[in-house]
file entry.pdb (PDB, C-alpha atoms and all ligand atoms)
ATOM      1  CA  MET A   1     183.042  88.112 -43.127  1.00  0.00           C
ATOM      2  CA  ARG A   2     186.172  89.805 -41.826  1.00  0.00           C
ATOM      3  CA  THR A   3     188.566  91.287 -44.352  1.00  0.00           C
ATOM      4  CA  PRO A   4     191.404  88.878 -45.081  1.00  0.00           C
ATOM      5  CA  THR A   5     194.801  89.949 -46.360  1.00  0.00           C
ATOM      6  CA  GLN A   6     196.195  88.191 -49.415  1.00  0.00           C
ATOM      7  CA  LYS A   7     198.781  86.588 -47.164  1.00  0.00           C
ATOM      8  CA  GLN A   8     196.069  85.251 -44.854  1.00  0.00           C
ATOM      9  CA  ILE A   9     194.241  83.764 -47.815  1.00  0.00           C
ATOM     10  CA  LEU A  10     197.384  82.120 -49.169  1.00  0.00           C
ATOM     11  CA  SER A  11     198.038  80.460 -45.828  1.00  0.00           C
ATOM     12  CA  ALA A  12     194.382  79.383 -45.513  1.00  0.00           C
ATOM     13  CA  PHE A  13     194.314  76.981 -48.482  1.00  0.00           C
ATOM     14  CA  ARG A  14     193.258  73.425 -47.767  1.00  0.00           C
ATOM     15  CA  GLY A  15     193.593  70.511 -50.142  1.00  0.00           C
ATOM     16  CA  ALA A  16     195.807  72.520 -52.523  1.00  0.00           C
ATOM     17  CA  THR A  17     199.480  71.884 -53.226  1.00  0.00           C
ATOM     18  CA  LYS A  18     202.268  74.394 -52.508  1.00  0.00           C
ATOM     19  CA  SER A  19     202.855  74.695 -56.223  1.00  0.00           C
ATOM     20  CA  GLU A  20     199.180  75.475 -56.875  1.00  0.00           C
ATOM     21  CA  ILE A  21     199.121  78.051 -54.087  1.00  0.00           C
ATOM     22  CA  SER A  22     202.267  79.724 -55.449  1.00  0.00           C
ATOM     23  CA  LYS A  23     200.441  80.384 -58.739  1.00  0.00           C
ATOM     24  CA  VAL A  24     197.371  82.092 -57.263  1.00  0.00           C
ATOM     25  CA  THR A  25     196.626  85.446 -58.916  1.00  0.00           C
ATOM     26  CA  PHE A  26     194.472  87.872 -56.953  1.00  0.00           C
ATOM     27  CA  PRO A  27     192.010  90.129 -58.752  1.00  0.00           C
ATOM     28  CA  SER A  28     193.238  93.647 -59.455  1.00  0.00           C
ATOM     29  CA  ASP A  29     190.360  95.152 -57.442  1.00  0.00           C
ATOM     30  CA  PHE A  30     191.150  93.099 -54.333  1.00  0.00           C
ATOM     31  CA  ALA A  31     191.773  96.200 -52.187  1.00  0.00           C
ATOM     32  CA  ASP A  32     188.297  97.583 -52.991  1.00  0.00           C
ATOM     33  CA  ILE A  33     186.279  94.517 -52.013  1.00  0.00           C
ATOM     34  CA  ASP A  34     183.707  95.091 -49.286  1.00  0.00           C
ATOM     35  CA  PHE A  35     184.001  91.881 -47.288  1.00  0.00           C
ATOM     36  CA  SER A  36     181.437  93.058 -44.748  1.00  0.00           C
ATOM     37  CA  ARG A  37     178.733  92.393 -47.339  1.00  0.00           C
ATOM     38  CA  ARG A  38     179.954  88.913 -48.211  1.00  0.00           C
ATOM     39  CA  GLU A  39     179.556  85.572 -46.503  1.00  0.00           C
ATOM     40  CA  PHE A  40     182.295  84.176 -48.722  1.00  0.00           C
ATOM     41  CA  TYR A  41     184.553  85.536 -51.414  1.00  0.00           C
ATOM     42  CA  GLY A  42     185.290  83.800 -54.682  1.00  0.00           C
ATOM     43  CA  TRP A  43     187.199  84.807 -57.765  1.00  0.00           C
ATOM     44  CA  ARG A  44     188.485  83.381 -61.010  1.00  0.00           C
ATOM     45  CA  ASP A  45     192.195  83.309 -61.699  1.00  0.00           C
ATOM     46  CA  ALA A  46     192.934  85.856 -64.430  1.00  0.00           C
ATOM     47  CA  LYS A  47     195.879  83.809 -65.686  1.00  0.00           C
ATOM     48  CA  MET A  48     194.286  80.358 -65.498  1.00  0.00           C
ATOM     49  CA  PRO A  49     190.801  80.500 -66.972  1.00  0.00           C
ATOM     50  CA  ARG A  50     189.644  77.209 -65.498  1.00  0.00           C
ATOM     51  CA  ARG A  51     190.811  77.931 -61.989  1.00  0.00           C
ATOM     52  CA  ALA A  52     188.911  79.739 -59.245  1.00  0.00           C
ATOM     53  CA  TYR A  53     189.152  80.206 -55.492  1.00  0.00           C
ATOM     54  CA  VAL A  54     186.743  80.555 -52.613  1.00  0.00           C
ATOM     55  CA  VAL A  55     187.488  81.959 -49.153  1.00  0.00           C
ATOM     56  CA  VAL A  56     185.185  81.599 -46.164  1.00  0.00           C
ATOM     57  CA  GLU A  57     185.483  82.315 -42.495  1.00  0.00           C
ATOM     58  CA  ARG A  58     185.027  79.321 -40.241  1.00  0.00           C
ATOM     59  CA  ASP A  59     185.418  79.176 -36.474  1.00  0.00           C
ATOM     60  CA  ASP A  60     187.181  82.564 -36.670  1.00  0.00           C
ATOM     61  CA  GLU A  61     189.668  81.251 -39.198  1.00  0.00           C
ATOM     62  CA  PHE A  62     189.853  81.719 -42.931  1.00  0.00           C
ATOM     63  CA  VAL A  63     189.607  78.664 -45.139  1.00  0.00           C
ATOM     64  CA  ALA A  64     190.462  78.900 -48.827  1.00  0.00           C
ATOM     65  CA  LEU A  65     189.635  76.308 -51.464  1.00  0.00           C
ATOM     66  CA  LEU A  66     190.953  75.850 -54.972  1.00  0.00           C
ATOM     67  CA  LEU A  67     188.309  75.102 -57.582  1.00  0.00           C
ATOM     68  CA  ASN A  68     188.715  73.725 -61.076  1.00  0.00           C
ATOM     69  CA  ARG A  69     186.059  74.389 -63.628  1.00  0.00           C
ATOM     70  CA  SER A  70     184.847  71.108 -64.996  1.00  0.00           C
ATOM     71  CA  GLU A  71     185.155  70.367 -68.708  1.00  0.00           C
ATOM     72  CA  ALA A  72     181.624  69.053 -68.592  1.00  0.00           C
ATOM     73  CA  LYS A  73     179.239  71.906 -69.262  1.00  0.00           C
ATOM     74  CA  PRO A  74     176.115  71.928 -67.148  1.00  0.00           C
ATOM     75  CA  ARG A  75     172.894  72.118 -69.056  1.00  0.00           C
ATOM     76  CA  ARG A  76     172.228  75.713 -69.979  1.00  0.00           C
ATOM     77  CA  ARG A  77     170.990  78.115 -67.363  1.00  0.00           C
ATOM     78  CA  ALA A  78     171.763  75.861 -64.444  1.00  0.00           C
ATOM     79  CA  MET A  79     170.841  77.208 -61.034  1.00  0.00           C
ATOM     80  CA  CYS A  80     173.558  77.961 -58.518  1.00  0.00           C
ATOM     81  CA  SER A  81     173.605  75.537 -55.567  1.00  0.00           C
ATOM     82  CA  TRP A  82     174.585  78.257 -53.119  1.00  0.00           C
ATOM     83  CA  CYS A  83     172.385  81.297 -53.802  1.00  0.00           C
ATOM     84  CA  ARG A  84     169.673  79.419 -55.741  1.00  0.00           C
ATOM     85  CA  ASP A  85     168.948  82.630 -57.556  1.00  0.00           C
ATOM     86  CA  VAL A  86     165.799  81.809 -59.495  1.00  0.00           C
ATOM     87  CA  ASP A  87     166.353  84.671 -61.963  1.00  0.00           C
ATOM     88  CA  ILE A  88     169.682  83.111 -62.986  1.00  0.00           C
ATOM     89  CA  THR A  89     171.245  86.463 -63.775  1.00  0.00           C
ATOM     90  CA  GLU A  90     174.627  84.745 -63.672  1.00  0.00           C
ATOM     91  CA  ASP A  91     175.406  81.370 -65.219  1.00  0.00           C
ATOM     92  CA  ALA A  92     176.245  78.596 -62.806  1.00  0.00           C
ATOM     93  CA  LEU A  93     179.256  76.472 -63.718  1.00  0.00           C
ATOM     94  CA  LEU A  94     180.325  73.096 -62.466  1.00  0.00           C
ATOM     95  CA  TYR A  95     183.437  73.347 -60.332  1.00  0.00           C
ATOM     96  CA  THR A  96     185.324  70.534 -58.656  1.00  0.00           C
ATOM     97  CA  VAL A  97     187.312  70.840 -55.457  1.00  0.00           C
ATOM     98  CA  ARG A  98     189.922  68.394 -54.223  1.00  0.00           C
ATOM     99  CA  ARG A  99     189.047  67.134 -50.784  1.00  0.00           C
ATOM    100  CA  ALA A 100     191.345  67.888 -47.883  1.00  0.00           C
ATOM    101  CA  GLY A 101     193.732  65.322 -46.409  1.00  0.00           C
ATOM    102  CA  ALA A 102     194.351  61.763 -47.493  1.00  0.00           C
ATOM    103  CA  ARG A 103     191.204  61.565 -49.578  1.00  0.00           C
ATOM    104  CA  GLY A 104     192.270  64.535 -51.657  1.00  0.00           C
ATOM    105  CA  ARG A 105     195.738  63.076 -52.179  1.00  0.00           C
ATOM    106  CA  LYS A 106     194.029  59.999 -53.579  1.00  0.00           C
ATOM    107  CA  GLY A 107     192.270  62.249 -56.072  1.00  0.00           C
ATOM    108  CA  ASP A 108     188.894  62.421 -54.374  1.00  0.00           C
ATOM    109  CA  THR A 109     186.965  65.539 -55.439  1.00  0.00           C
ATOM    110  CA  LEU A 110     183.585  67.110 -54.842  1.00  0.00           C
ATOM    111  CA  GLY A 111     181.591  68.945 -57.491  1.00  0.00           C
ATOM    112  CA  ILE A 112     179.407  72.004 -57.073  1.00  0.00           C
ATOM    113  CA  LEU A 113     177.379  74.226 -59.394  1.00  0.00           C
ATOM    114  CA  VAL A 114     178.154  77.839 -58.520  1.00  0.00           C
ATOM    115  CA  CYS A 115     177.670  81.250 -60.102  1.00  0.00           C
ATOM    116  CA  GLU A 116     180.619  81.698 -62.435  1.00  0.00           C
ATOM    117  CA  ASP A 117     181.733  84.971 -60.829  1.00  0.00           C
ATOM    118  CA  PHE A 118     180.679  84.013 -57.293  1.00  0.00           C
ATOM    119  CA  ASN A 119     178.230  86.872 -56.838  1.00  0.00           C
ATOM    120  CA  CYS A 120     175.986  84.719 -54.617  1.00  0.00           C
ATOM    121  CA  PRO A 121     176.119  87.185 -51.669  1.00  0.00           C
ATOM    122  CA  LYS A 122     174.721  89.847 -54.000  1.00  0.00           C
ATOM    123  CA  HIS A 123     172.010  87.564 -55.414  1.00  0.00           C
ATOM    124  CA  ALA A 124     170.973  86.415 -51.949  1.00  0.00           C
ATOM    125  CA  ARG A 125     170.285  90.052 -51.024  1.00  0.00           C
ATOM    126  CA  LYS A 126     167.774  90.455 -53.831  1.00  0.00           C
ATOM    127  CA  LEU A 127     164.127  90.368 -52.937  1.00  0.00           C
ATOM    128  CA  PRO A 128     161.786  87.786 -54.393  1.00  0.00           C
ATOM    129  CA  PRO A 129     160.115  89.009 -57.599  1.00  0.00           C
ATOM    130  CA  ALA A 130     156.665  89.038 -56.032  1.00  0.00           C
ATOM    131  CA  TYR A 131     155.742  89.546 -52.414  1.00  0.00           C
ATOM    132  CA  HIS A 132     152.631  90.648 -50.572  1.00  0.00           C
ATOM    133  CA  LYS A 133     152.084  93.977 -48.926  1.00  0.00           C
ATOM    134  CA  GLY A 134     153.097  93.814 -45.315  1.00  0.00           C
ATOM    135  CA  THR A 135     155.747  91.211 -46.001  1.00  0.00           C
ATOM    136  CA  ASP A 136     158.807  91.752 -43.883  1.00  0.00           C
ATOM    137  CA  VAL A 137     161.259  92.084 -46.772  1.00  0.00           C
ATOM    138  CA  ASP A 138     164.241  92.542 -44.474  1.00  0.00           C
ATOM    139  CA  ALA A 139     163.425  89.214 -42.829  1.00  0.00           C
ATOM    140  CA  ILE A 140     163.192  87.542 -46.239  1.00  0.00           C
ATOM    141  CA  ARG A 141     166.531  88.958 -47.263  1.00  0.00           C
ATOM    142  CA  GLU A 142     168.113  87.919 -43.997  1.00  0.00           C
ATOM    143  CA  GLN A 143     166.766  84.393 -44.430  1.00  0.00           C
ATOM    144  CA  GLN A 144     168.052  84.160 -48.014  1.00  0.00           C
ATOM    145  CA  VAL A 145     171.494  85.307 -46.942  1.00  0.00           C
ATOM    146  CA  ALA A 146     171.532  82.876 -43.993  1.00  0.00           C
ATOM    147  CA  ASP A 147     170.435  79.978 -46.223  1.00  0.00           C
ATOM    148  CA  MET A 148     173.111  80.800 -48.787  1.00  0.00           C
ATOM    149  CA  GLU A 149     175.790  81.014 -46.106  1.00  0.00           C
ATOM    150  CA  ARG A 150     174.700  77.694 -44.608  1.00  0.00           C
ATOM    151  CA  ARG A 151     174.933  75.967 -47.999  1.00  0.00           C
ATOM    152  CA  VAL A 152     178.433  77.344 -48.565  1.00  0.00           C
ATOM    153  CA  GLN A 153     179.550  76.270 -45.088  1.00  0.00           C
ATOM    154  CA  THR A 154     178.036  72.802 -45.552  1.00  0.00           C
ATOM    155  CA  PHE A 155     179.978  72.371 -48.769  1.00  0.00           C
ATOM    156  CA  VAL A 156     183.218  73.522 -47.127  1.00  0.00           C
ATOM    157  CA  SER A 157     182.602  71.055 -44.281  1.00  0.00           C
ATOM    158  CA  GLU A 158     182.226  68.242 -46.799  1.00  0.00           C
ATOM    159  CA  VAL A 159     185.451  69.232 -48.535  1.00  0.00           C
ATOM    160  CA  LEU A 160     187.324  69.354 -45.227  1.00  0.00           C
ATOM    161  CA  SER A 161     185.782  66.202 -43.832  1.00  0.00           C
ATOM    162  CA  THR A 162     188.340  63.463 -43.386  1.00  0.00           C
ATOM    163  CA  GLN A 163     185.778  60.782 -42.664  1.00  0.00           C
ATOM    164  CA  GLU A 164     185.653  57.904 -45.086  1.00  0.00           C
TER     165      GLU A 164
HETATM  166 ZN    ZN B   1     175.167  81.804 -56.776  1.00  0.00          ZN
END
call {"tool": "encode", "arguments": {"input": "entry.pdb", "output": "structure tokens"}}
result
Amino acid sequence: MRTPTQKQILSAFRGATKSEISKVTFPSDFADIDFSRREFYGWRDAKMPRRAYVVVERDDEFVALLLNRSEAKPRRRAMCSWCRDVDITEDALLYTVRRAGARGRKGDTLGILVCEDFNCPKHARKLPPAYHKGTDVDAIREQQVADMERRVQTFVSEVLSTQE
């Protein structure tokens, strides 16, 4: 994805209130993030332990979502819905996102199990634990990354969808 500025992210939030957006804390290493190796960027709010954010690029625009970690704990070692990393090197947590528009204002949310620190782009670049000689590993990696990106984009589409 392109590199967003903090200002661009703050103006890209959908389904979040002005008050929620005003309390967003960016990670201290924000300036060092390599966005070229990410299909989305997510982080947890250092000041609000149950809050997290995800930014994606969509139709050449940034879209940011506000996530709340659910009180309900998923069963241990749940698999992330986005990277589907079978090694589960990072715990997946259940997050809920308020839907955009009228549905969100009525309290309608969507839930998703995602790696707690949103390292899905990194996991998707890992190679499968076993592969045959002659396997095109670059093609596998490319496919994994594309699949992960598609799942993220599908989820964002659902959140933004205003259809009843
Ligand atoms: Zn993941």
call {"tool": "resolve_selection", "arguments": {"input": "entry.pdb", "expression": "the PyMOL selection byres (((chain A and resi 52) around 10) and not hetatm)", "output": "list in words"}}
result
Val24, Thr25, Gly42, Trp43, Arg44, Asp45, Ala46, Met48, Pro49, Arg50, Arg51, Tyr53, Val54, Leu65, Leu66, Leu67, Asn68, Arg69, Tyr95, Thr96, Val97, Glu116, Asp117 and Phe118 of chain A
call {"tool": "closest_residue", "arguments": {"input": "entry.pdb", "among": "A:Arg14, A:Arg125, A:Lys47, A:Arg84", "to": "ligand ZN 1 (chain B)", "atoms": "only C-alpha atoms and all ligand atoms"}}
result
A:Arg84
call {"tool": "residues_near_ligand", "arguments": {"input": "entry.pdb", "ligand": "ligand ZN 1 (chain B)", "cutoff": "6 Å", "atoms": "all atoms listed in the file", "output": "list of chain:residue names"}}
result
A:Cys80, A:Trp82, A:Cys83, A:Val114, A:Cys115, A:Phe118, A:Asn119, A:Cys120
call {"tool": "resolve_selection", "arguments": {"input": "entry.pdb", "expression": "the PyMOL selection byres (((chain A and resi 150-156) around 9) and not hetatm)", "output": "compact mmCIF listing (two decimals) with C-alpha atoms, keeping the file's coordinate frame"}}
result
# COMPACT_ATOMS: atom_id res chain seq x y z
CA GLU A 39 179.56 85.57 -46.50
CA PHE A 40 182.30 84.18 -48.72
CA VAL A 56 185.18 81.60 -46.16
CA GLU A 57 185.48 82.32 -42.50
CA ARG A 58 185.03 79.32 -40.24
CA VAL A 63 189.61 78.66 -45.14
CA LEU A 65 189.64 76.31 -51.46
CA SER A 81 173.60 75.54 -55.57
CA TRP A 82 174.58 78.26 -53.12
CA CYS A 83 172.38 81.30 -53.80
CA LEU A 110 183.58 67.11 -54.84
CA ILE A 112 179.41 72.00 -57.07
CA VAL A 145 171.49 85.31 -46.94
CA ALA A 146 171.53 82.88 -43.99
CA ASP A 147 170.44 79.98 -46.22
CA MET A 148 173.11 80.80 -48.79
CA GLU A 149 175.79 81.01 -46.11
CA SER A 157 182.60 71.06 -44.28
CA GLU A 158 182.23 68.24 -46.80
CA VAL A 159 185.45 69.23 -48.54
CA LEU A 160 187.32 69.35 -45.23
CA SER A 161 185.78 66.20 -43.83
call {"tool": "atom_distance", "arguments": {"input": "entry.pdb", "atom1": "CA of Met1 in chain A", "atom2": "CA of Leu127 in chain A"}}
result
21.4 Å
call {"tool": "atom_distance", "arguments": {"input": "entry.pdb", "atom1": "CA of Phe30 in chain A", "atom2": "CA of Ala92 in chain A"}}
result
22.5 Å
call {"tool": "atom_distance", "arguments": {"input": "entry.pdb", "atom1": "CA of Ile9 in chain A", "atom2": "CA of Glu61 in chain A"}}
result
10.1 Å
call {"tool": "closest_residue", "arguments": {"input": "entry.pdb", "among": "A:Asp60, A:Asp87, A:Phe13, A:Val55", "to": "Arg38 in chain A", "atoms": "only C-alpha atoms"}}
result
A:Val55
call {"tool": "residues_near_point", "arguments": {"input": "entry.pdb", "point": "(191.6, 89.5, -47.2)", "cutoff": "10 Å", "atoms": "only C-alpha atoms", "output": "PDB file with C-alpha atoms, in the coordinates of the input"}}
result
ATOM      1  CA  MET A   1     183.042  88.112 -43.127  1.00  0.00           C
ATOM      2  CA  ARG A   2     186.172  89.805 -41.826  1.00  0.00           C
ATOM      3  CA  THR A   3     188.566  91.287 -44.352  1.00  0.00           C
ATOM      4  CA  PRO A   4     191.404  88.878 -45.081  1.00  0.00           C
ATOM      5  CA  THR A   5     194.801  89.949 -46.360  1.00  0.00           C
ATOM      6  CA  GLN A   6     196.195  88.191 -49.415  1.00  0.00           C
ATOM      7  CA  LYS A   7     198.781  86.588 -47.164  1.00  0.00           C
ATOM      8  CA  GLN A   8     196.069  85.251 -44.854  1.00  0.00           C
ATOM      9  CA  ILE A   9     194.241  83.764 -47.815  1.00  0.00           C
ATOM     10  CA  LEU A  10     197.384  82.120 -49.169  1.00  0.00           C
ATOM     11  CA  PHE A  30     191.150  93.099 -54.333  1.00  0.00           C
ATOM     12  CA  ALA A  31     191.773  96.200 -52.187  1.00  0.00           C
ATOM     13  CA  ILE A  33     186.279  94.517 -52.013  1.00  0.00           C
ATOM     14  CA  ASP A  34     183.707  95.091 -49.286  1.00  0.00           C
ATOM     15  CA  PHE A  35     184.001  91.881 -47.288  1.00  0.00           C
ATOM     16  CA  TYR A  41     184.553  85.536 -51.414  1.00  0.00           C
ATOM     17  CA  VAL A  55     187.488  81.959 -49.153  1.00  0.00           C
ATOM     18  CA  PHE A  62     189.853  81.719 -42.931  1.00  0.00           C
TER      19      PHE A  62
END
